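As stored in work.tsv (TSV, N, CA and C atoms):
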chain	number	residue	atom	x	y	z
A	1	MET	N	30.77	-10.00	-1.69
A	1	MET	CA	29.84	-10.08	-0.58
A	1	MET	C	30.25	-9.04	0.47
A	2	THR	N	29.32	-8.19	0.85
A	2	THR	CA	29.60	-7.21	1.89
A	2	THR	C	29.09	-7.72	3.23
A	3	ILE	N	29.86	-7.45	4.24
A	3	ILE	CA	29.47	-7.86	5.59
A	3	ILE	C	28.96	-6.63	6.31
A	4	ALA	N	27.72	-6.68	6.74
A	4	ALA	CA	27.11	-5.55	7.44
A	4	ALA	C	27.53	-5.59	8.90
A	5	SER	N	27.83	-4.42	9.42
A	5	SER	CA	28.16	-4.35	10.84
A	5	SER	C	27.00	-3.67	11.57
A	6	ASP	N	26.80	-4.09	12.77
A	6	ASP	CA	25.70	-3.60	13.59
A	6	ASP	C	26.14	-2.31	14.28
A	7	THR	N	25.67	-1.17	13.78
A	7	THR	CA	26.02	0.13	14.36
A	7	THR	C	24.87	0.70	15.19
A	8	PHE	N	23.84	-0.08	15.41
A	8	PHE	CA	22.68	0.38	16.17
A	8	PHE	C	22.95	0.30	17.67
A	9	VAL	N	22.36	1.22	18.42
A	9	VAL	CA	22.50	1.25	19.87
A	9	VAL	C	21.35	0.45	20.49
A	10	PRO	N	21.53	-0.07	21.72
A	10	PRO	CA	20.43	-0.77	22.37
A	10	PRO	C	19.18	0.11	22.44
A	11	GLY	N	18.05	-0.49	22.17
A	11	GLY	CA	16.78	0.22	22.13
A	11	GLY	C	16.38	0.66	20.74
A	12	SER	N	17.30	0.53	19.77
A	12	SER	CA	16.99	0.89	18.39
A	12	SER	C	15.93	-0.05	17.84
A	13	ILE	N	15.07	0.49	16.99
A	13	ILE	CA	14.04	-0.31	16.34
A	13	ILE	C	14.31	-0.29	14.84
A	14	VAL	N	14.31	-1.47	14.24
A	14	VAL	CA	14.53	-1.58	12.80
A	14	VAL	C	13.42	-2.42	12.18
A	15	ALA	N	13.16	-2.16	10.91
A	15	ALA	CA	12.26	-3.00	10.13
A	15	ALA	C	13.15	-3.91	9.30
A	16	ALA	N	12.87	-5.20	9.34
A	16	ALA	CA	13.68	-6.17	8.59
A	16	ALA	C	12.90	-7.47	8.46
A	17	SER	N	13.36	-8.29	7.55
A	17	SER	CA	12.85	-9.65	7.43
A	17	SER	C	13.89	-10.58	8.01
A	18	LEU	N	13.46	-11.74	8.45
A	18	LEU	CA	14.41	-12.73	8.97
A	18	LEU	C	14.94	-13.60	7.85
A	19	ALA	N	16.21	-13.92	7.94
A	19	ALA	CA	16.81	-14.85	6.99
A	19	ALA	C	16.15	-16.22	7.17
A	20	PRO	N	15.92	-16.95	6.08
A	20	PRO	CA	15.26	-18.26	6.20
A	20	PRO	C	15.95	-19.20	7.18
A	21	ARG	N	17.29	-19.13	7.27
A	21	ARG	CA	18.00	-20.03	8.19
A	21	ARG	C	17.68	-19.73	9.66
A	22	ALA	N	17.22	-18.51	9.94
A	22	ALA	CA	16.94	-18.12	11.32
A	22	ALA	C	15.65	-18.73	11.85
A	23	VAL	N	14.77	-19.18	10.97
A	23	VAL	CA	13.48	-19.71	11.40
A	23	VAL	C	13.26	-21.17	11.02
A	24	THR	N	14.29	-21.85	10.58
A	24	THR	CA	14.12	-23.24	10.13
A	24	THR	C	13.63	-24.17	11.24
A	25	GLY	N	13.94	-23.88	12.48
A	25	GLY	CA	13.53	-24.76	13.58
A	25	GLY	C	12.14	-24.46	14.12
A	26	PHE	N	11.48	-23.43	13.60
A	26	PHE	CA	10.16	-23.05	14.08
A	26	PHE	C	9.06	-23.88	13.41
A	27	ASP	N	7.91	-23.90	14.05
A	27	ASP	CA	6.71	-24.51	13.50
A	27	ASP	C	6.39	-23.85	12.15
A	28	PRO	N	5.90	-24.63	11.17
A	28	PRO	CA	5.61	-24.07	9.85
A	28	PRO	C	4.68	-22.85	9.88
A	29	LEU	N	3.68	-22.84	10.74
A	29	LEU	CA	2.78	-21.69	10.83
A	29	LEU	C	3.52	-20.46	11.33
A	30	LEU	N	4.34	-20.63	12.34
A	30	LEU	CA	5.13	-19.53	12.88
A	30	LEU	C	6.14	-19.02	11.85
A	31	ARG	N	6.70	-19.93	11.07
A	31	ARG	CA	7.63	-19.52	10.00
A	31	ARG	C	6.94	-18.59	9.02
A	32	ARG	N	5.70	-18.91	8.65
A	32	ARG	CA	4.96	-18.05	7.72
A	32	ARG	C	4.66	-16.69	8.33
A	33	LEU	N	4.34	-16.66	9.61
A	33	LEU	CA	4.07	-15.39	10.28
A	33	LEU	C	5.31	-14.51	10.36
A	34	LEU	N	6.47	-15.14	10.48
A	34	LEU	CA	7.73	-14.39	10.60
A	34	LEU	C	8.40	-14.14	9.26
A	35	ALA	N	7.80	-14.60	8.18
A	35	ALA	CA	8.44	-14.51	6.86
A	35	ALA	C	8.53	-13.10	6.32
A	36	GLY	N	7.58	-12.26	6.62
A	36	GLY	CA	7.57	-10.91	6.06
A	36	GLY	C	8.32	-9.92	6.94
A	37	PRO	N	8.27	-8.66	6.55
A	37	PRO	CA	8.94	-7.62	7.34
A	37	PRO	C	8.35	-7.52	8.75
A	38	GLN	N	9.22	-7.37	9.71
A	38	GLN	CA	8.86	-7.26	11.12
A	38	GLN	C	9.61	-6.09	11.72
A	39	LEU	N	9.19	-5.65	12.88
A	39	LEU	CA	9.95	-4.68	13.65
A	39	LEU	C	10.75	-5.43	14.70
A	40	PHE	N	12.02	-5.07	14.84
A	40	PHE	CA	12.90	-5.68	15.83
A	40	PHE	C	13.51	-4.60	16.69
A	41	VAL	N	13.73	-4.92	17.96
A	41	VAL	CA	14.38	-3.99	18.87
A	41	VAL	C	15.69	-4.61	19.33
A	42	LYS	N	16.72	-3.76	19.43
A	42	LYS	CA	18.04	-4.25	19.86
A	42	LYS	C	18.09	-4.26	21.38
A	43	LEU	N	18.53	-5.38	21.92
A	43	LEU	CA	18.65	-5.54	23.37
A	43	LEU	C	20.03	-5.11	23.83
A	44	ALA	N	20.19	-4.93	25.13
A	44	ALA	CA	21.47	-4.47	25.70
A	44	ALA	C	22.60	-5.45	25.43
A	45	ASP	N	22.30	-6.74	25.28
A	45	ASP	CA	23.35	-7.73	25.03
A	45	ASP	C	23.71	-7.87	23.55
A	46	GLY	N	23.08	-7.07	22.68
A	46	GLY	CA	23.40	-7.09	21.26
A	46	GLY	C	22.49	-7.96	20.42
A	47	HIS	N	21.65	-8.76	21.04
A	47	HIS	CA	20.69	-9.58	20.29
A	47	HIS	C	19.51	-8.72	19.86
A	48	TRP	N	18.74	-9.27	18.95
A	48	TRP	CA	17.54	-8.59	18.44
A	48	TRP	C	16.32	-9.44	18.77
A	49	ARG	N	15.22	-8.78	19.11
A	49	ARG	CA	13.98	-9.46	19.46
A	49	ARG	C	12.83	-8.78	18.71
A	50	PRO	N	11.84	-9.55	18.26
A	50	PRO	CA	10.69	-8.90	17.62
A	50	PRO	C	10.10	-7.85	18.55
A	51	HIS	N	9.87	-6.67	18.03
A	51	HIS	CA	9.37	-5.55	18.84
A	51	HIS	C	7.97	-5.85	19.34
A	52	GLY	N	7.79	-5.77	20.63
A	52	GLY	CA	6.49	-6.02	21.22
A	52	GLY	C	6.22	-7.49	21.46
A	53	CYS	N	6.93	-8.36	20.78
A	53	CYS	CA	6.75	-9.82	20.91
A	53	CYS	C	5.28	-10.20	20.95
A	54	GLN	N	4.53	-9.72	19.95
A	54	GLN	CA	3.11	-10.00	19.89
A	54	GLN	C	2.82	-11.50	19.89
A	55	LEU	N	3.76	-12.28	19.41
A	55	LEU	CA	3.54	-13.72	19.34
A	55	LEU	C	4.02	-14.44	20.59
A	56	GLY	N	4.55	-13.72	21.56
A	56	GLY	CA	5.09	-14.37	22.74
A	56	GLY	C	6.36	-15.13	22.42
A	57	LEU	N	7.04	-14.74	21.37
A	57	LEU	CA	8.24	-15.43	20.91
A	57	LEU	C	9.40	-15.19	21.87
A	58	ALA	N	9.95	-16.26	22.41
A	58	ALA	CA	11.04	-16.15	23.37
A	58	ALA	C	12.40	-16.22	22.69
A	59	SER	N	12.45	-16.22	21.39
A	59	SER	CA	13.71	-16.33	20.67
A	59	SER	C	14.33	-14.97	20.44
A	60	PHE	N	15.66	-14.99	20.37
A	60	PHE	CA	16.43	-13.81	20.05
A	60	PHE	C	17.18	-14.09	18.77
A	61	PHE	N	17.54	-13.05	18.04
A	61	PHE	CA	18.21	-13.21	16.77
A	61	PHE	C	19.48	-12.38	16.73
A	62	ALA	N	20.46	-12.85	15.97
A	62	ALA	CA	21.70	-12.10	15.77
A	62	ALA	C	21.47	-11.10	14.65
A	63	PHE	N	22.30	-10.07	14.59
A	63	PHE	CA	22.17	-9.06	13.55
A	63	PHE	C	22.27	-9.70	12.17
A	64	GLU	N	23.06	-10.74	12.03
A	64	GLU	CA	23.23	-11.43	10.75
A	64	GLU	C	21.96	-12.13	10.29
A	65	ASP	N	21.02	-12.35	11.21
A	65	ASP	CA	19.73	-12.99	10.86
A	65	ASP	C	18.75	-12.01	10.24
A	66	LEU	N	19.03	-10.71	10.35
A	66	LEU	CA	18.13	-9.68	9.82
A	66	LEU	C	18.52	-9.31	8.40
A	67	LEU	N	17.56	-9.35	7.51
A	67	LEU	CA	17.81	-9.00	6.11
A	67	LEU	C	17.42	-7.54	5.86
A	68	ALA	N	18.35	-6.75	5.38
A	68	ALA	CA	18.14	-5.34	5.02
A	68	ALA	C	17.47	-4.53	6.13
A	69	PRO	N	18.09	-4.46	7.33
A	69	PRO	CA	17.48	-3.68	8.40
A	69	PRO	C	17.47	-2.19	8.08
A	70	VAL	N	16.34	-1.55	8.36
A	70	VAL	CA	16.16	-0.11	8.14
A	70	VAL	C	15.67	0.50	9.45
A	71	ALA	N	16.38	1.53	9.92
A	71	ALA	CA	16.03	2.17	11.19
A	71	ALA	C	14.64	2.78	11.15
A	72	ARG	N	13.94	2.67	12.26
A	72	ARG	CA	12.62	3.26	12.42
A	72	ARG	C	12.67	4.19	13.63
A	73	PRO	N	11.92	5.28	13.61
A	73	PRO	CA	11.91	6.18	14.78
A	73	PRO	C	11.27	5.50	15.98
A	74	LEU	N	11.70	5.90	17.16
A	74	LEU	CA	11.16	5.30	18.39
A	74	LEU	C	9.75	5.72	18.65

As structure tokens, the full file:
Amino acid sequence: MTIASDTFVPGSIVAASLAPRAVTGFDPLLRRLLAGPQLFVKLADGHWRPHGCQLGLASFFAFEDLLAPVARPL
């Protein structure tokens, strides 16, 4: 098992899916909406938030919650 380290700088945007454990507490409809690939932006405190927060989601995620993050241009 390899442990990924977060080498992204604040403001970076990545495409990734959320790990199932990251959304277990959400409403079933919201879980389905978050199940596929999403864009996430890294915050200054190191957490990740869905880019644009189109859903008004107030949750933040740890880097470990992102599956196969791939950098996207700003």

*How would you write as a PyMOL selection string the residues that get within 8 Å of (8.7, -12.4, 8.1) in the file's frame, counting all atoms listed in the file?*
chain A and resi 16-19+31-38

Which protein, DNA or RNA residues have an atom at most 8 Å from (20.4, -4.7, 18.9), counting only N, CA and C atoms? List them as a short mmCIF file (atom, residue, chain, number, x, y, z; two decimals) with N, CA and C atoms, keeping the file's coordinate frame.
data_model
loop_
_atom_site.label_atom_id
_atom_site.label_comp_id
_atom_site.auth_asym_id
_atom_site.auth_seq_id
_atom_site.Cartn_x
_atom_site.Cartn_y
_atom_site.Cartn_z
N ASP A 6 26.80 -4.09 12.77
CA ASP A 6 25.70 -3.60 13.59
C ASP A 6 26.14 -2.31 14.28
N THR A 7 25.67 -1.17 13.78
CA THR A 7 26.02 0.13 14.36
C THR A 7 24.87 0.70 15.19
N PHE A 8 23.84 -0.08 15.41
CA PHE A 8 22.68 0.38 16.17
C PHE A 8 22.95 0.30 17.67
N VAL A 9 22.36 1.22 18.42
CA VAL A 9 22.50 1.25 19.87
C VAL A 9 21.35 0.45 20.49
N PRO A 10 21.53 -0.07 21.72
CA PRO A 10 20.43 -0.77 22.37
C PRO A 10 19.18 0.11 22.44
N GLY A 11 18.05 -0.49 22.17
CA GLY A 11 16.78 0.22 22.13
C GLY A 11 16.38 0.66 20.74
N SER A 12 17.30 0.53 19.77
CA SER A 12 16.99 0.89 18.39
C SER A 12 15.93 -0.05 17.84
N ILE A 13 15.07 0.49 16.99
CA ILE A 13 14.04 -0.31 16.34
C ILE A 13 14.31 -0.29 14.84
N PHE A 40 12.02 -5.07 14.84
CA PHE A 40 12.90 -5.68 15.83
C PHE A 40 13.51 -4.60 16.69
N VAL A 41 13.73 -4.92 17.96
CA VAL A 41 14.38 -3.99 18.87
C VAL A 41 15.69 -4.61 19.33
N LYS A 42 16.72 -3.76 19.43
CA LYS A 42 18.04 -4.25 19.86
C LYS A 42 18.09 -4.26 21.38
N LEU A 43 18.53 -5.38 21.92
CA LEU A 43 18.65 -5.54 23.37
C LEU A 43 20.03 -5.11 23.83
N ALA A 44 20.19 -4.93 25.13
CA ALA A 44 21.47 -4.47 25.70
C ALA A 44 22.60 -5.45 25.43
N ASP A 45 22.30 -6.74 25.28
CA ASP A 45 23.35 -7.73 25.03
C ASP A 45 23.71 -7.87 23.55
N GLY A 46 23.08 -7.07 22.68
CA GLY A 46 23.40 -7.09 21.26
C GLY A 46 22.49 -7.96 20.42
N HIS A 47 21.65 -8.76 21.04
CA HIS A 47 20.69 -9.58 20.29
C HIS A 47 19.51 -8.72 19.86
N TRP A 48 18.74 -9.27 18.95
CA TRP A 48 17.54 -8.59 18.44
C TRP A 48 16.32 -9.44 18.77
N ARG A 49 15.22 -8.78 19.11
CA ARG A 49 13.98 -9.46 19.46
C ARG A 49 12.83 -8.78 18.71
N ALA A 62 20.46 -12.85 15.97
CA ALA A 62 21.70 -12.10 15.77
C ALA A 62 21.47 -11.10 14.65
N PHE A 63 22.30 -10.07 14.59
CA PHE A 63 22.17 -9.06 13.55
C PHE A 63 22.27 -9.70 12.17
#

For range 40-50 of chain A, I'd like the enclosing box, axis-aligned and padded by 5 Å on every side, reported as JSON with centre and edge lengths in Å to one decimal.
{"center_x": 16.9, "center_y": -6.7, "center_z": 20.3, "size_x": 23.6, "size_y": 15.8, "size_z": 20.9}

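Comparing A:Ala22, A:Leu30, A:Leu39, A:Leu67 by their smallest distance to His51 in chain A, the closest is A:Leu39 (using all atoms listed in the file).
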
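Rounded to one decimal, atom N of Arg72 in chain A and atom N of Val23 in chain A lie 21.9 Å from each other.
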
_Could you tell me how far atom N of Phe61 in chain A sits from atom C of Pro73 in chain A, in Å to one decimal place?_
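Those two atoms sit 19.7 Å apart.
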
*If you run DSSP on this backbone, which residues of chain A come out as strand (DSSP E or B), and could you give them as a PyMOL selection string?*
chain A and resi 13-18+38-42+48-50+61+66-72

*Please, what distance in Å, to one decimal, runs between CA of Pro28 in chain A and CA of Pro69 in chain A?*
23.6 Å

*Enumerate, as a list in words, the complete set of residues in range 17-58 of chain A that a backbone-based DSSP assignment places in helix (DSSP H, G or I).*
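DSSP on the backbone gives helix (DSSP H, G or I) at Pro20, Arg21, Ala22, Val23, Pro28, Leu29, Leu30, Arg31, Arg32, Leu33, His51, Gly52 and Cys53 of chain A.
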